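Have a look at target34.txt below; it lists compact mmCIF, C-alpha atoms.
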# COMPACT_ATOMS: atom_id res chain seq x y z
CA MET A 1 1.54 15.26 -11.23
CA THR A 2 1.36 11.61 -12.24
CA VAL A 3 -0.06 9.10 -9.78
CA PHE A 4 0.91 5.44 -9.93
CA PHE A 5 -2.05 3.12 -9.32
CA ILE A 6 -1.23 -0.46 -8.31
CA HIS A 7 -4.33 -2.39 -9.33
CA ILE A 8 -4.46 -5.47 -7.10
CA PRO A 9 -7.08 -7.85 -8.56
CA LYS A 10 -10.50 -7.87 -6.89
CA THR A 11 -9.95 -4.93 -4.55
CA ALA A 12 -12.37 -2.47 -6.24
CA GLY A 13 -9.61 -1.52 -8.66
CA THR A 14 -11.85 -1.56 -11.72
CA SER A 15 -14.30 0.77 -10.00
CA PHE A 16 -11.45 3.12 -9.17
CA ARG A 17 -9.99 2.86 -12.66
CA LEU A 18 -13.27 3.79 -14.34
CA GLY A 19 -13.79 6.64 -11.89
CA ALA A 20 -10.29 7.87 -12.73
CA GLU A 21 -11.05 7.67 -16.45
CA TYR A 22 -14.12 9.83 -15.91
CA TYR A 23 -12.13 12.41 -13.93
CA PHE A 24 -8.80 12.48 -15.77
CA GLY A 25 -9.99 11.45 -19.23
CA CYS A 26 -8.90 8.22 -20.94
CA ASP A 27 -6.28 10.03 -23.02
CA ASN A 28 -4.50 11.11 -19.81
CA ILE A 29 -4.12 7.61 -18.36
CA VAL A 30 -1.46 5.03 -19.26
CA TYR A 31 -2.17 1.36 -18.53
CA ASP A 32 0.07 -1.68 -18.18
CA TYR A 33 -2.01 -4.85 -17.97
CA GLY A 34 0.52 -7.03 -19.78
CA LYS A 35 1.85 -7.31 -23.30
CA ASP A 36 -1.18 -9.15 -24.66
CA SER A 37 -3.88 -7.07 -22.97
CA LEU A 38 -5.98 -4.77 -25.14
CA ALA A 39 -6.06 -2.33 -22.22
CA THR A 40 -2.28 -1.83 -22.28
CA SER A 41 -1.31 1.53 -23.75
CA PRO A 42 0.82 1.75 -26.92
CA VAL A 43 3.56 3.71 -25.13
CA VAL A 44 3.96 0.79 -22.72
CA ILE A 45 4.25 -1.71 -25.57
CA ASP A 46 6.77 0.47 -27.39
CA THR A 47 9.08 1.11 -24.42
CA LEU A 48 8.59 -1.69 -21.88
CA TYR A 49 7.77 -4.73 -24.01
CA ALA A 50 10.49 -3.95 -26.54
CA ASP A 51 14.11 -5.05 -26.51
CA PRO A 52 15.71 -3.45 -24.62
CA LYS A 53 13.17 -2.23 -22.09
CA ASP A 54 13.65 1.49 -21.53
CA PHE A 55 11.92 2.68 -18.39
CA TRP A 56 13.34 6.18 -18.58
CA SER A 57 12.01 6.63 -22.10
CA PHE A 58 8.67 5.41 -20.79
CA ARG A 59 8.69 8.01 -18.03
CA SER A 60 9.69 10.74 -20.46
CA ALA A 61 6.89 9.73 -22.82
CA CYS A 62 4.39 9.87 -19.96
CA ALA A 63 5.58 13.37 -19.07
CA GLN A 64 5.38 14.50 -22.69
CA GLN A 65 1.89 13.04 -22.97
CA GLY A 66 0.86 14.75 -19.74
CA ALA A 67 -0.28 11.48 -18.15
CA SER A 68 -2.23 12.04 -14.94
CA MET A 69 -2.16 8.37 -13.94
CA VAL A 70 -0.16 5.25 -14.73
CA GLY A 71 -1.65 1.98 -13.55
CA GLY A 72 -2.25 -1.71 -14.04
CA HIS A 73 -1.82 -5.19 -12.66
CA VAL A 74 1.83 -4.58 -11.80
CA ASN A 75 4.04 -4.87 -8.75
CA ALA A 76 4.94 -1.75 -6.79
CA SER A 77 8.57 -2.10 -7.86
CA ARG A 78 7.71 -1.65 -11.54
CA PHE A 79 7.08 2.09 -11.46
CA VAL A 80 7.64 3.38 -7.92
CA SER A 81 11.17 4.55 -8.77
CA LEU A 82 9.81 6.56 -11.70
CA PHE A 83 6.91 8.36 -10.06
CA GLY A 84 7.75 8.18 -6.35
CA VAL A 85 6.25 6.43 -3.37
CA GLY A 86 4.29 9.54 -2.41
CA GLN A 87 2.40 9.40 -5.72
CA THR A 88 1.75 5.66 -5.39
CA LEU A 89 -1.68 4.39 -4.39
CA THR A 90 -3.51 1.10 -4.05
CA PHE A 91 -6.42 -0.65 -2.36
CA LEU A 92 -6.19 -3.70 -0.10
CA ARG A 93 -8.92 -6.16 0.82
CA ASP A 94 -9.50 -8.84 3.43
CA PRO A 95 -7.29 -11.63 1.98
CA LEU A 96 -9.86 -14.42 2.29
CA GLN A 97 -12.65 -12.37 0.73
CA ARG A 98 -10.32 -11.19 -2.02
CA MET A 99 -9.41 -14.81 -2.81
CA ALA A 100 -13.04 -15.90 -2.92
CA SER A 101 -13.86 -12.98 -5.20
CA GLU A 102 -11.01 -13.78 -7.57
CA TYR A 103 -12.11 -17.41 -7.74
CA ALA A 104 -15.67 -16.35 -8.61
CA HIS A 105 -14.22 -14.01 -11.26
CA PHE A 106 -12.23 -16.84 -12.87
CA VAL A 107 -15.27 -19.13 -12.90
CA ARG A 108 -17.49 -16.37 -14.33
CA HIS A 109 -15.15 -14.94 -16.97
CA TYR A 110 -12.57 -17.62 -17.76
CA GLU A 111 -14.66 -20.80 -17.36
CA TYR A 112 -12.39 -22.10 -14.61
CA LYS A 113 -13.52 -25.65 -13.78
CA GLY A 114 -11.47 -26.41 -10.67
CA SER A 115 -12.71 -26.23 -7.10
CA PHE A 116 -12.14 -23.28 -4.80
CA HIS A 117 -9.58 -25.42 -2.96
CA ASP A 118 -7.76 -26.18 -6.23
CA PHE A 119 -7.72 -22.47 -7.03
CA TYR A 120 -6.30 -21.13 -3.78
CA SER A 121 -3.89 -24.04 -3.19
CA ARG A 122 -1.62 -22.97 -6.05
CA PRO A 123 1.50 -21.23 -4.66
CA ILE A 124 1.10 -18.35 -7.13
CA MET A 125 -2.12 -17.40 -5.32
CA HIS A 126 -0.61 -17.25 -1.82
CA ASN A 127 -0.02 -13.84 -0.22
CA ARG A 128 -0.85 -12.04 -3.45
CA GLN A 129 -1.18 -8.58 -1.95
CA SER A 130 2.08 -8.64 0.02
CA LYS A 131 3.92 -10.00 -3.03
CA ILE A 132 2.65 -7.11 -5.14
CA LEU A 133 3.84 -4.57 -2.55
CA HIS A 134 7.11 -6.40 -1.86
CA GLY A 135 9.99 -4.03 -1.22
CA VAL A 136 7.81 -1.07 -0.25
CA ASP A 137 6.70 -0.66 3.37
CA VAL A 138 2.97 -0.11 3.64
CA GLU A 139 3.63 2.94 5.85
CA ALA A 140 5.52 4.57 2.95
CA VAL A 141 2.89 4.14 0.22
CA GLY A 142 1.29 7.48 -0.63
CA PHE A 143 -2.21 6.14 -0.15
CA VAL A 144 -3.58 2.71 0.81
CA GLY A 145 -7.36 2.40 0.66
CA LEU A 146 -9.60 -0.44 1.81
CA THR A 147 -12.14 -2.17 -0.40
CA GLU A 148 -14.45 -2.62 2.57
CA ARG A 149 -14.37 1.14 3.17
CA TYR A 150 -14.31 2.28 -0.42
CA ALA A 151 -16.33 5.48 0.04
CA ASP A 152 -14.17 6.61 2.97
CA SER A 153 -11.08 5.65 1.00
CA LEU A 154 -12.07 7.86 -1.92
CA LYS A 155 -12.65 10.78 0.44
CA LEU A 156 -9.14 10.41 1.86
CA LEU A 157 -7.54 9.80 -1.53
CA ASN A 158 -9.23 12.80 -3.17
CA ALA A 159 -8.24 15.01 -0.26
CA ARG A 160 -4.65 13.79 -0.35
CA TYR A 161 -4.14 14.46 -4.07
CA GLY A 162 -6.55 17.36 -4.55
CA ILE A 163 -8.70 15.48 -7.07
CA GLU A 164 -12.35 14.43 -7.34
CA ILE A 165 -12.60 10.86 -8.56
CA PRO A 166 -16.26 9.77 -8.29
CA GLN A 167 -17.46 6.59 -6.60
CA ARG A 168 -18.42 3.64 -8.80
CA GLU A 169 -18.92 -0.09 -8.25
CA ASP A 170 -17.92 -2.05 -11.34
CA ASN A 171 -16.71 -5.56 -12.22
CA ARG A 172 -18.08 -7.09 -9.04
CA GLY A 173 -19.69 -10.46 -8.54
CA LYS A 174 -21.66 -9.44 -5.45
CA LYS A 175 -24.42 -6.86 -5.09
CA SER A 176 -22.13 -4.41 -3.33
CA LEU A 177 -18.48 -4.02 -2.42
CA ASP A 178 -19.18 -4.83 1.21
CA ALA A 179 -21.07 -8.07 0.46
CA VAL A 180 -19.41 -11.14 1.99
CA HIS A 181 -18.49 -14.36 0.19
CA GLU A 182 -19.30 -17.50 2.17
CA ILE A 183 -16.22 -19.59 2.96
CA SER A 184 -16.34 -22.97 4.70
CA ALA A 185 -14.58 -23.46 8.02
CA ASP A 186 -12.06 -25.88 6.47
CA ASP A 187 -11.24 -23.50 3.62
CA GLU A 188 -10.97 -20.58 6.02
CA ALA A 189 -8.50 -22.43 8.24
CA GLU A 190 -6.32 -23.43 5.28
CA LEU A 191 -6.48 -19.99 3.70
CA LYS A 192 -5.33 -18.40 6.96
CA GLN A 193 -2.41 -20.80 7.09
CA LEU A 194 -1.39 -20.14 3.49
CA ASN A 195 -1.78 -16.35 3.59
CA LYS A 196 -0.26 -15.26 6.88
CA ARG A 197 1.75 -12.42 5.33
CA ASP A 198 -1.31 -11.02 3.59
CA ILE A 199 -3.34 -11.20 6.78
CA ARG A 200 -0.66 -9.31 8.73
CA LEU A 201 -0.39 -6.73 5.95
CA TYR A 202 -4.14 -6.20 5.84
CA GLU A 203 -4.47 -5.87 9.61
CA GLN A 204 -1.69 -3.28 9.59
CA ALA A 205 -3.28 -1.41 6.69
CA VAL A 206 -6.65 -1.30 8.48
CA ALA A 207 -5.06 0.13 11.64
CA LEU A 208 -3.14 2.76 9.65
CA PHE A 209 -6.27 3.67 7.70
CA ASP A 210 -8.30 4.12 10.88
CA GLN A 211 -5.62 6.40 12.32
CA ARG A 212 -5.29 8.41 9.12
CA TYR A 213 -9.06 8.76 8.65
CA THR A 214 -9.56 9.94 12.23
CA MET A 215 -6.80 12.52 11.86
CA HIS A 216 -8.27 13.68 8.54
CA GLN A 217 -11.67 14.22 10.19
CA GLU A 218 -9.94 16.26 12.90
CA GLY A 219 -8.08 18.33 10.31
CA THR A 220 -4.72 17.04 11.57
CA PRO A 221 -1.86 16.28 9.14
CA TRP A 222 -0.72 12.66 8.95
CA ALA A 223 2.87 11.47 8.61
CA HIS A 224 4.31 8.44 6.90
CA ALA A 225 6.45 6.99 9.68
CA ARG A 226 8.14 3.75 10.61
CA LEU A 227 10.25 2.58 13.54
CA VAL A 228 12.82 0.45 11.75
CA GLU A 229 15.36 -0.50 14.43
CA VAL A 230 14.90 -1.24 18.13
CA LYS A 231 18.02 -2.34 20.00
CA PRO A 232 19.26 -1.97 23.61
CA GLY A 233 21.57 0.87 22.56
CA ARG A 234 19.77 2.48 19.64
CA ILE A 235 16.45 3.12 17.97
CA ALA A 236 16.06 4.35 14.40
CA GLY A 237 13.39 5.03 11.82
CA TRP A 238 12.07 7.48 9.29
CA ALA A 239 9.20 9.94 8.93
CA TRP A 240 7.83 12.48 6.47
CA TRP A 241 4.59 14.40 6.01
CA ALA A 242 1.88 13.15 3.69
CA GLY A 243 1.11 15.91 1.22
CA GLU A 244 3.11 18.87 0.06
CA SER A 245 4.93 19.90 3.24
CA ASP A 246 8.70 19.54 3.03
CA ASP A 247 9.23 20.39 6.69
CA PRO A 248 11.10 17.78 8.74
CA VAL A 249 9.10 15.73 11.23
CA THR A 250 10.05 16.01 14.90
CA VAL A 251 9.68 12.66 16.66
CA GLU A 252 9.22 11.91 20.35
CA VAL A 253 10.80 8.66 21.54
CA TRP A 254 9.04 6.85 24.37
CA ALA A 255 10.08 3.77 26.36
CA ASN A 256 7.89 1.97 28.88
CA GLY A 257 5.43 4.85 28.83
CA LYS A 258 8.06 7.53 29.52
CA HIS A 259 9.21 10.25 27.14
CA LEU A 260 12.98 9.88 26.57
CA ASP A 261 13.85 12.59 24.06
CA ASN A 262 12.96 14.31 20.78
CA VAL A 263 14.75 13.80 17.46
CA THR A 264 14.22 15.38 14.04
CA ALA A 265 13.94 13.21 10.93
CA VAL A 266 16.65 14.83 8.80
CA GLU A 267 19.19 12.01 8.28
CA LEU A 268 19.82 10.51 4.85
CA ARG A 269 18.32 7.05 4.28
CA PRO A 270 20.03 5.80 1.09
CA GLY A 271 17.95 2.62 1.09
CA LEU A 272 14.80 4.68 0.61
CA CYS A 273 16.12 6.81 -2.25
CA ARG A 274 14.91 4.38 -4.91
CA LEU A 275 11.37 5.22 -3.73
CA LEU A 276 11.93 8.96 -4.32
CA PRO A 277 10.75 10.00 -0.84
CA PRO A 278 10.43 13.68 0.10
CA ARG A 279 13.45 15.76 1.14
CA GLY A 280 15.77 13.78 -1.17
CA GLY A 281 15.74 10.92 1.31
CA TYR A 282 16.78 13.05 4.29
CA VAL A 283 13.93 11.67 6.37
CA GLY A 284 15.67 9.42 8.89
CA PHE A 285 16.24 9.67 12.62
CA HIS A 286 18.08 7.75 15.32
CA LEU A 287 18.60 8.06 19.05
CA PRO A 288 21.21 6.39 21.27
CA VAL A 289 19.37 4.81 24.20
CA LYS A 290 19.97 2.57 27.19
CA LEU A 291 17.33 -0.12 27.12
CA LYS A 292 17.10 -3.73 28.18
CA PRO A 293 15.39 -6.70 26.51
CA GLY A 294 11.65 -6.57 27.03
CA ASP A 295 11.43 -2.78 27.25
CA GLN A 296 8.62 -1.35 25.12
CA VAL A 297 9.43 1.40 22.62
CA GLN A 298 7.07 3.65 20.70
CA CYS A 299 7.40 6.95 18.84
CA ARG A 300 5.07 9.90 18.44
CA VAL A 301 4.97 12.80 16.00
CA ALA A 302 5.58 15.72 18.33
CA SER A 303 3.27 18.28 16.70
CA THR A 304 0.24 16.02 16.18
CA GLY A 305 0.41 13.19 18.72
CA GLN A 306 0.40 10.51 16.01
CA TRP A 307 1.80 7.28 17.47
CA PHE A 308 3.96 4.89 15.47
CA PRO A 309 4.10 2.01 15.42
CA LEU A 310 0.51 1.73 16.58
CA LYS A 311 1.56 -0.78 19.22
CA PRO A 312 4.86 -0.55 21.16
CA ARG A 313 7.75 -2.74 20.04
CA ARG A 314 9.73 -4.77 22.54
CA VAL A 315 13.50 -4.65 22.68
CA PRO A 316 14.62 -8.13 21.60
CA LYS A 317 16.99 -10.36 23.47
CA PRO A 318 20.56 -10.50 22.10
CA GLU A 319 21.01 -13.26 19.55
CA GLY A 320 22.19 -16.55 21.00
CA LYS A 321 20.77 -15.86 24.46

Rewritten as structure tokens:
Amino acid sequence: MTVFFIHIPKTAGTSFRLGAEYYFGCDNIVYDYGKDSLATSPVVIDTLYADPKDFWSFRSACAQQGASMVGGHVNASRFVSLFGVGQTLTFLRDPLQRMASEYAHFVRHYEYKGSFHDFYSRPIMHNRQSKILHGVDVEAVGFVGLTERYADSLKLLNARYGIEIPQREDNRGKKSLDAVHEISADDEAELKQLNKRDIRLYEQAVALFDQRYTMHQEGTPWAHARLVEVKPGRIAGWAWWAGESDDPVTVEVWANGKHLDNVTAVELRPGLCRLLPPRGGYVGFHLPVKLKPGDQVQCRVASTGQWFPLKPRRVPKPEGK
């Protein structure tokens, strides 16, 4: 098994990375932190920063080397099609606190002279976390931890992958991971305006984490699940079990608080196949329905009672009306 670690800057990634090195051993980890980084592994330089780039040769080399983890400051799209979305993991952090932490890091380590406002106003800094995960729904990612709940995140992550990565707190500018950076009211207002996608992503990730953690404490399996389409005549989505189970997920469909029917997630979803989901991509479901605009739709995993989405979705009005 090779896990793919997406190291989003200033989300406790260095602490996780060093814990992983202790558990897996440095020789069993492959890093991609850019062509000019000393941390980047030779196999990455040879296959991915050469001409032409050969991702399949890279994957084969990782398998031959017996790599337990591949990671770095990379987007999800870089390696998710090689190692699979189920083996992909990352940590997210409150977007405003993450930004303040990254600014402090640049001042401390790179002698950045600009103001905090100058730093976060640059377009490249906006919605950093959602840009890194672009193209991969947060519900599909094998594991999404939270910086603010790092100890709980490690418990869930270790349980999910059957490993024992220890807790560390490294490369931090505050006394602890849960320490809060002070942000002025004006900066906070502007940051919220500039990072709306990241804020939505983080709020969603927190809600999913809470649900998953509660179910873990209860000993109940959790499913990756998403309601993709809600229309007056049809609902559709996908679902699969987190972990090793290859059994299909049976989904209850509810509208306005009433149970309509059950469907089983066994339909092919070609658009997901690049993520290497379980069951060869046969994880989709749909149900013909008779709904009207404004009706509220929600699904539930039949065997566990896990609701998704966490809040009902409304049937939209037809376009042009």

Pick out the residues sitting within 9 Å of segment 183-186 of chain A, and hand them over as a PyMOL selection string; count only C-alpha atoms, and ignore anything fewer than 2 positions along from it in its own chain.
chain A and resi 96-97+100+181+188-191

Between atom CA of Thr2 of chain A and atom CA of Ala67 of chain A, measure the distance and give it in Å to one decimal.
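Taking atom CA of Thr2 of chain A and atom CA of Ala67 of chain A, their separation equals 6.1 Å.
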
Expressed in Å to a single decimal, how great is the separation between atom CA of Leu82 of chain A and atom CA of Pro277 of chain A?
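Distance between the two atoms: 11.4 Å.
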
Kindly indicate which residue among A:Val230, A:Ala225, A:Ile165, A:Ala12 lies nearest to Ala265 of chain A, using all atoms listed in the file for the distances.
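Checking each candidate against Ala265 of chain A, we get A:Ala225 as the closest.
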
In the coordinate frame of the file, compute which residues have an atom within 8 Å of (14.0, 4.1, 12.3) when using only C-alpha atoms, and state them as an NGL selection string.
:A and (226-230 or 235-238 or 284-286)

Could you pull the residues within 8 Å of segment 52-66 of chain A, counting only C-alpha atoms, minus those fewer than 3 positions along the same chain, as a PyMOL selection string?
chain A and resi 28+30+43-44+47-49+82

Rounded to one decimal in Å, what is the spacing between atom CA of Thr214 of chain A and atom CA of Leu156 of chain A?
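Calculated distance between atom CA of Thr214 of chain A and atom CA of Leu156 of chain A is 10.4 Å.
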
Considering only C-alpha atoms, can you say which of A:Val85, A:Leu260, A:Leu38, A:Ala159 comes closest to Pro221 of chain A?
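Selected residue with least distance to Pro221 of chain A: A:Ala159.
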
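Of the residues listed (A:Gly13, A:Pro123, A:Gly219, A:Pro309), A:Gly13 shows the shortest atom-to-atom separation from Leu146 of chain A; distances use only C-alpha atoms.
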
Among A:Tyr33, A:Phe209, A:Trp240, A:Phe91, Leu310 of chain A is approached most closely, using all atoms listed in the file, by A:Phe209

Spatial neighbours of Val249 of chain A, 12 Å, only C-alpha atoms, chain gap at least 4 places, as a PyMOL selection string
chain A and resi 221-225+237-242+245+262-267+278-279+282-285+299-306

Got a sec: who's within 8 Å of segment 128-144 of chain A, counting only C-alpha atoms, leaving out chain neighbours fewer than 5 positions off, as number ranges by chain?
A: 8, 74-77, 85-92, 95, 157, 197-198, 201, 205, 208-209, 224-226, 242

List as a Markdown table every residue of segment 58-171 of chain A that is in contact with segment 15-18 of chain A, defined as an atom at most 12 Å from one of its atoms (using only C-alpha atoms), together with the nearest atom pair and the distance in Å rounded to one decimal, sorted by chain and then rising number.
| residue | atom | partner | partner_atom | distance |
| --- | --- | --- | --- | --- |
| A:Met69 | CA | A:Arg17 | CA | 9.7 |
| A:Val70 | CA | A:Arg17 | CA | 10.3 |
| A:Gly71 | CA | A:Arg17 | CA | 8.4 |
| A:Gly72 | CA | A:Arg17 | CA | 9.1 |
| A:His73 | CA | A:Arg17 | CA | 11.5 |
| A:Leu89 | CA | A:Phe16 | CA | 11.0 |
| A:Thr90 | CA | A:Phe16 | CA | 9.7 |
| A:Phe91 | CA | A:Phe16 | CA | 9.3 |
| A:Gly145 | CA | A:Phe16 | CA | 10.7 |
| A:Leu146 | CA | A:Phe16 | CA | 11.7 |
| A:Thr147 | CA | A:Phe16 | CA | 10.3 |
| A:Tyr150 | CA | A:Phe16 | CA | 9.2 |
| A:Ala151 | CA | A:Phe16 | CA | 10.7 |
| A:Ser153 | CA | A:Phe16 | CA | 10.5 |
| A:Leu154 | CA | A:Phe16 | CA | 8.7 |
| A:Leu157 | CA | A:Phe16 | CA | 10.9 |
| A:Asn158 | CA | A:Phe16 | CA | 11.6 |
| A:Glu164 | CA | A:Phe16 | CA | 11.5 |
| A:Ile165 | CA | A:Phe16 | CA | 7.8 |
| A:Pro166 | CA | A:Phe16 | CA | 8.3 |
| A:Gln167 | CA | A:Phe16 | CA | 7.4 |
| A:Arg168 | CA | A:Ser15 | CA | 5.2 |
| A:Glu169 | CA | A:Ser15 | CA | 5.0 |
| A:Asp170 | CA | A:Ser15 | CA | 4.8 |
| A:Asn171 | CA | A:Ser15 | CA | 7.1 |

All heavy atoms are what I want for segment 262-271 of chain A; can you complete it accordingly and write them as a compact mmCIF listing (two decimals), keeping the file's coordinate frame?
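Now in result_22.txt:
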# COMPACT_ATOMS: atom_id res chain seq x y z
N ASN A 262 13.45 13.98 22.11
CA ASN A 262 12.96 14.31 20.78
C ASN A 262 14.10 14.26 19.77
O ASN A 262 15.24 14.61 20.10
CB ASN A 262 12.35 15.72 20.75
CG ASN A 262 10.99 15.77 21.42
OD1 ASN A 262 10.57 14.82 22.07
ND2 ASN A 262 10.31 16.90 21.27
N VAL A 263 13.78 13.80 18.56
CA VAL A 263 14.75 13.80 17.46
C VAL A 263 14.03 14.33 16.22
O VAL A 263 12.81 14.24 16.11
CB VAL A 263 15.33 12.41 17.19
CG1 VAL A 263 16.29 12.00 18.28
CG2 VAL A 263 14.23 11.37 17.05
N THR A 264 14.80 14.86 15.28
CA THR A 264 14.22 15.38 14.04
C THR A 264 14.64 14.49 12.88
O THR A 264 15.81 14.12 12.76
CB THR A 264 14.67 16.83 13.79
OG1 THR A 264 14.34 17.61 14.94
CG2 THR A 264 13.97 17.41 12.58
N ALA A 265 13.70 14.14 12.03
CA ALA A 265 13.94 13.21 10.93
C ALA A 265 14.59 13.93 9.76
O ALA A 265 13.91 14.32 8.80
CB ALA A 265 12.64 12.54 10.51
N VAL A 266 15.90 14.09 9.83
CA VAL A 266 16.65 14.83 8.80
C VAL A 266 17.86 14.05 8.29
O VAL A 266 18.65 14.58 7.51
CB VAL A 266 17.11 16.20 9.32
CG1 VAL A 266 15.91 17.12 9.58
CG2 VAL A 266 17.96 16.06 10.58
N GLU A 267 18.02 12.80 8.70
CA GLU A 267 19.19 12.01 8.28
C GLU A 267 18.92 11.32 6.95
O GLU A 267 17.80 10.90 6.67
CB GLU A 267 19.52 10.96 9.35
CG GLU A 267 19.85 11.54 10.71
CD GLU A 267 20.00 10.47 11.77
OE1 GLU A 267 19.86 9.27 11.44
OE2 GLU A 267 20.23 10.83 12.94
N LEU A 268 19.95 11.18 6.15
CA LEU A 268 19.82 10.51 4.85
C LEU A 268 19.57 9.01 5.05
O LEU A 268 20.26 8.37 5.84
CB LEU A 268 21.08 10.71 4.01
CG LEU A 268 21.08 10.04 2.63
CD1 LEU A 268 19.98 10.63 1.75
CD2 LEU A 268 22.45 10.18 1.97
N ARG A 269 18.60 8.49 4.31
CA ARG A 269 18.32 7.05 4.28
C ARG A 269 18.51 6.57 2.84
O ARG A 269 17.58 6.55 2.04
CB ARG A 269 16.91 6.76 4.77
CG ARG A 269 16.70 6.97 6.26
CD ARG A 269 17.48 5.91 7.06
NE ARG A 269 17.32 6.09 8.50
CZ ARG A 269 18.14 6.76 9.29
NH1 ARG A 269 19.20 7.37 8.72
NH2 ARG A 269 17.96 6.86 10.58
N PRO A 270 19.76 6.19 2.48
CA PRO A 270 20.03 5.80 1.09
C PRO A 270 19.14 4.66 0.60
O PRO A 270 18.78 4.62 -0.58
CB PRO A 270 21.51 5.37 1.13
CG PRO A 270 22.08 6.11 2.31
CD PRO A 270 20.98 6.17 3.31
N GLY A 271 18.78 3.75 1.50
CA GLY A 271 17.95 2.62 1.09
C GLY A 271 16.56 3.02 0.64
O GLY A 271 15.88 2.25 -0.06
